[in-house]
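Asker: For reference, the file target_14.pdb (PDB, C-alpha atoms, pLDDT in the B column) is included below:
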MODEL        1
ATOM      1  CA  MET N  11      22.830  -5.402  36.293  1.00 52.00           C
ATOM      2  CA  GLU N  12      19.467  -5.036  34.573  1.00 58.00           C
ATOM      3  CA  GLU N  13      16.503  -4.555  36.880  1.00 62.00           C
ATOM      4  CA  MET N  14      13.553  -6.973  36.609  1.00 52.00           C
ATOM      5  CA  PRO N  15      10.007  -5.634  36.368  1.00 60.00           C
ATOM      6  CA  ARG N  16       8.073  -5.881  39.644  1.00 64.00           C
ATOM      7  CA  ASN N  17       5.663  -8.575  38.471  1.00 63.00           C
ATOM      8  CA  ALA N  18       8.314 -10.710  36.735  1.00 62.00           C
ATOM      9  CA  SER N  19       9.505 -13.869  38.398  1.00 62.00           C
ATOM     10  CA  PRO N  20      13.057 -15.158  38.076  1.00 61.00           C
ATOM     11  CA  PHE N  21      11.552 -18.657  37.723  1.00 65.00           C
ATOM     12  CA  PRO N  22       9.561 -19.821  34.707  1.00 74.00           C
ATOM     13  CA  SER N  23       5.875 -20.200  35.386  1.00 86.00           C
ATOM     14  CA  VAL N  24       4.330 -23.653  35.469  1.00 84.00           C
ATOM     15  CA  ARG N  25       2.319 -22.706  32.384  1.00 85.00           C
ATOM     16  CA  MET N  26       5.469 -21.851  30.433  1.00 90.00           C
ATOM     17  CA  ILE N  27       7.106 -25.125  31.487  1.00 89.00           C
ATOM     18  CA  VAL N  28       4.066 -27.054  30.258  1.00 88.00           C
ATOM     19  CA  VAL N  29       3.964 -25.061  27.002  1.00 90.00           C
ATOM     20  CA  ARG N  30       7.663 -25.685  26.417  1.00 93.00           C
ATOM     21  CA  HIS N  31       7.306 -29.429  27.063  1.00 95.00           C
ATOM     22  CA  LEU N  32       3.699 -29.947  25.901  1.00 94.00           C
ATOM     23  CA  ARG N  33       4.316 -33.165  23.964  1.00 96.00           C
ATOM     24  CA  LEU N  34       6.173 -34.678  26.921  1.00 97.00           C
ATOM     25  CA  PHE N  35       3.314 -33.869  29.312  1.00 96.00           C
ATOM     26  CA  GLU N  36       0.789 -35.313  26.859  1.00 96.00           C
ATOM     27  CA  MET N  37       2.815 -38.513  26.415  1.00 97.00           C
ATOM     28  CA  VAL N  38       3.245 -39.015  30.153  1.00 97.00           C
ATOM     29  CA  ALA N  39      -0.499 -38.526  30.701  1.00 97.00           C
ATOM     30  CA  VAL N  40      -1.401 -40.937  27.894  1.00 97.00           C
ATOM     31  CA  LEU N  41       0.976 -43.545  29.325  1.00 97.00           C
ATOM     32  CA  MET N  42      -0.626 -43.028  32.760  1.00 96.00           C
ATOM     33  CA  ARG N  43      -4.052 -43.714  31.240  1.00 95.00           C
ATOM     34  CA  ILE N  44      -2.810 -46.819  29.429  1.00 96.00           C
ATOM     35  CA  ALA N  45      -1.202 -48.102  32.627  1.00 95.00           C
ATOM     36  CA  SER N  46      -4.299 -47.533  34.761  1.00 93.00           C
ATOM     37  CA  PHE N  47      -6.667 -49.249  32.333  1.00 91.00           C
ATOM     38  CA  SER N  48      -4.160 -52.057  31.739  1.00 94.00           C
ATOM     39  CA  MET N  49      -4.083 -52.677  35.475  1.00 92.00           C
ATOM     40  CA  VAL N  50      -7.869 -53.121  35.484  1.00 92.00           C
ATOM     41  CA  SER N  51      -7.692 -55.411  32.448  1.00 93.00           C
ATOM     42  CA  TRP N  52      -5.004 -57.618  33.990  1.00 94.00           C
ATOM     43  CA  MET N  53      -6.167 -57.667  37.600  1.00 93.00           C
ATOM     44  CA  GLY N  54      -9.932 -57.567  37.101  1.00 89.00           C
ATOM     45  CA  SER N  55     -11.916 -57.206  40.306  1.00 88.00           C
ATOM     46  CA  ALA N  56      -8.684 -57.392  42.361  1.00 91.00           C
ATOM     47  CA  SER N  57      -7.585 -54.023  40.910  1.00 90.00           C
ATOM     48  CA  PRO N  58      -6.777 -51.205  43.343  1.00 94.00           C
ATOM     49  CA  PHE N  59      -9.656 -49.095  42.021  1.00 93.00           C
ATOM     50  CA  LEU N  60      -8.928 -46.025  44.138  1.00 94.00           C
ATOM     51  CA  LEU N  61      -5.403 -45.913  42.688  1.00 94.00           C
ATOM     52  CA  VAL N  62      -6.704 -46.536  39.163  1.00 94.00           C
ATOM     53  CA  TRP N  63      -9.276 -43.725  39.382  1.00 95.00           C
ATOM     54  CA  THR N  64      -6.766 -41.358  40.965  1.00 96.00           C
ATOM     55  CA  ILE N  65      -4.262 -41.947  38.143  1.00 96.00           C
ATOM     56  CA  ASN N  66      -7.032 -41.678  35.539  1.00 95.00           C
ATOM     57  CA  THR N  67      -8.254 -38.377  36.997  1.00 97.00           C
ATOM     58  CA  LEU N  68      -4.755 -36.928  37.236  1.00 97.00           C
ATOM     59  CA  ASP N  69      -3.999 -37.794  33.615  1.00 97.00           C
ATOM     60  CA  ALA N  70      -7.328 -36.235  32.588  1.00 97.00           C
ATOM     61  CA  VAL N  71      -6.332 -33.015  34.364  1.00 97.00           C
ATOM     62  CA  ILE N  72      -2.982 -32.976  32.543  1.00 96.00           C
ATOM     63  CA  LEU N  73      -4.569 -33.735  29.160  1.00 97.00           C
ATOM     64  CA  SER N  74      -7.300 -31.124  29.738  1.00 96.00           C
ATOM     65  CA  TRP N  75      -4.689 -28.498  30.478  1.00 94.00           C
ATOM     66  CA  CYS N  76      -2.723 -29.453  27.353  1.00 95.00           C
ATOM     67  CA  ALA N  77      -5.930 -29.311  25.269  1.00 96.00           C
ATOM     68  CA  LEU N  78      -6.721 -25.861  26.700  1.00 94.00           C
ATOM     69  CA  LEU N  79      -3.261 -24.612  25.791  1.00 93.00           C
ATOM     70  CA  LYS N  80      -3.668 -26.022  22.270  1.00 95.00           C
ATOM     71  CA  LYS N  81      -7.230 -24.611  22.059  1.00 95.00           C
ATOM     72  CA  ASP N  82      -8.606 -28.014  21.032  1.00 96.00           C
ATOM     73  CA  PRO N  83     -12.320 -28.017  21.971  1.00 97.00           C
ATOM     74  CA  ALA N  84     -12.949 -31.717  21.274  1.00 97.00           C
ATOM     75  CA  TYR N  85     -10.185 -32.868  23.618  1.00 96.00           C
ATOM     76  CA  ILE N  86     -11.118 -30.252  26.208  1.00 97.00           C
ATOM     77  CA  VAL N  87     -14.642 -31.712  26.371  1.00 97.00           C
ATOM     78  CA  LEU N  88     -13.394 -35.307  26.340  1.00 96.00           C
ATOM     79  CA  ASN N  89     -10.852 -34.871  29.117  1.00 96.00           C
ATOM     80  CA  VAL N  90     -13.019 -32.639  31.309  1.00 97.00           C
ATOM     81  CA  PHE N  91     -15.631 -35.408  31.017  1.00 97.00           C
ATOM     82  CA  TRP N  92     -12.985 -37.898  32.210  1.00 96.00           C
ATOM     83  CA  ILE N  93     -12.229 -35.651  35.192  1.00 97.00           C
ATOM     84  CA  GLY N  94     -15.898 -35.910  36.184  1.00 97.00           C
ATOM     85  CA  VAL N  95     -15.911 -39.680  35.663  1.00 96.00           C
ATOM     86  CA  GLY N  96     -12.720 -39.927  37.691  1.00 95.00           C
ATOM     87  CA  VAL N  97     -14.109 -37.927  40.597  1.00 97.00           C
ATOM     88  CA  VAL N  98     -17.158 -40.212  40.718  1.00 96.00           C
ATOM     89  CA  GLY N  99     -14.858 -43.261  40.522  1.00 94.00           C
ATOM     90  CA  ILE N 100     -12.688 -41.936  43.359  1.00 95.00           C
ATOM     91  CA  LEU N 101     -15.753 -41.271  45.531  1.00 96.00           C
ATOM     92  CA  ARG N 102     -17.175 -44.728  44.831  1.00 94.00           C
ATOM     93  CA  ALA N 103     -13.856 -46.534  45.335  1.00 92.00           C
ATOM     94  CA  SER N 104     -13.252 -44.750  48.630  1.00 92.00           C
ATOM     95  CA  GLY N 105     -16.739 -45.573  49.894  1.00 91.00           C
ATOM     96  CA  TRP N 106     -17.995 -41.981  50.001  1.00 87.00           C
ATOM     97  CA  TRP N 107     -20.742 -42.652  47.494  1.00 80.00           C
TER      98      TRP N 107
ENDMDL
END
Please render this file's structure as structure tokens.

Answerer:
Amino acid sequence: MEEMPRNASPFPSVRMIVVRHLRLFEMVAVLMRIASFSMVSWMGSASPFLLVWTINTLDAVILSWCALLKKDPAYIVLNVFWIGVGVVGILRASGWW
């Protein structure tokens, strides 16, 4: 049996999984964003804003990571901005700010 190098893992890294399935991760994140903003549009002020901002922030993290892997500066800036907006939204919706 062939010996593995010391720093090699028998399991694929998370980064390699994302790289291999980049379009899937991007599509899931985009659908998350559409769903969260649709919820606000349909429910108005009765929306569960903490849930909406949490989903929005999580999809921004996923899309930022995908943009970093693709080396796409415009989408890196856009989605990192949305992470900041999401953090503020989470803090406000939870009553911390």

Asker: Would you mind telling me which residue in N:Leu101, N:Val28, N:Leu61, N:Ala39 lies nearest to Asn89 of chain N when using only C-alpha atoms?

Answerer: N:Ala39

Asker: List every protein, DNA or RNA residue with an atom no more than 12 Å from (-0.4, -48.8, 34.3) in the file's coordinates, counting all atoms listed in the file, and format the result as an MDAnalysis selection string.

Answerer: chainID N and resid 38:53 57:58 61:66 69

Asker: So what do you get for atom CA of Arg30 of chain N versus atom CA of Lys80 of chain N, distance-wise?

Answerer: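 So the answer is 12.1 Å.
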
Asker: Enter the distance from atom CA of Ile72 of chain N to atom CA of Phe35 of chain N, in Å, rounded to one decimal.

Answerer: 7.1 Å

Asker: Residues picked by the PyMOL selection byres ((chain N and resi 97-99) around 8) here, as a list of chain:residue names?

Answerer: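 Applied to this file, the PyMOL selection byres ((chain N and resi 97-99) around 8) selects N:Phe59, N:Leu60, N:Trp63, N:Thr67, N:Ile93, N:Gly94, N:Val95, N:Gly96, N:Ile100, N:Leu101, N:Arg102, N:Ala103.
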
Asker: Please dump the current selection as a tab-separated table (two decimals), in the coordinates of the input; keep C-alpha atoms.

Answerer:
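Output (part_5.tsv):
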chain	number	residue	atom	x	y	z
N	59	PHE	CA	-9.66	-49.10	42.02
N	60	LEU	CA	-8.93	-46.02	44.14
N	63	TRP	CA	-9.28	-43.72	39.38
N	67	THR	CA	-8.25	-38.38	37.00
N	93	ILE	CA	-12.23	-35.65	35.19
N	94	GLY	CA	-15.90	-35.91	36.18
N	95	VAL	CA	-15.91	-39.68	35.66
N	96	GLY	CA	-12.72	-39.93	37.69
N	100	ILE	CA	-12.69	-41.94	43.36
N	101	LEU	CA	-15.75	-41.27	45.53
N	102	ARG	CA	-17.18	-44.73	44.83
N	103	ALA	CA	-13.86	-46.53	45.34

Asker: Grab the atom CA of Glu36 of chain N to atom CA of Tyr85 of chain N distance for me, in Å with one decimal place.

Answerer: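 We find that atom CA of Glu36 of chain N and atom CA of Tyr85 of chain N lie 11.7 Å from each other.
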
Asker: N:Ala77, N:Gly54, N:Ile86, N:Val71: which is nearest Val29 of chain N, counting all atoms listed in the file?

Answerer: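 Nearest candidate to Val29 of chain N out of N:Ala77, N:Gly54, N:Ile86, N:Val71: N:Ala77.
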
Asker: So which one's closest to Val87 of chain N, N:Leu73, N:Leu32, N:Met37, N:Val24? Using only C-alpha atoms, please.

Answerer: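 Checking each of N:Leu73, N:Leu32, N:Met37, N:Val24 against Val87 of chain N, counting only C-alpha atoms, the winner is N:Leu73.
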
Asker: Draw an axis-aligned box tight on the listed atoms of segment 40-46 of chain N, then pad every side by 3 Å and write out centre and edge lengths in Å to one decimal as JSON.

Answerer:
{"center_x": -1.7, "center_y": -44.5, "center_z": 31.3, "size_x": 11.3, "size_y": 13.2, "size_z": 12.9}
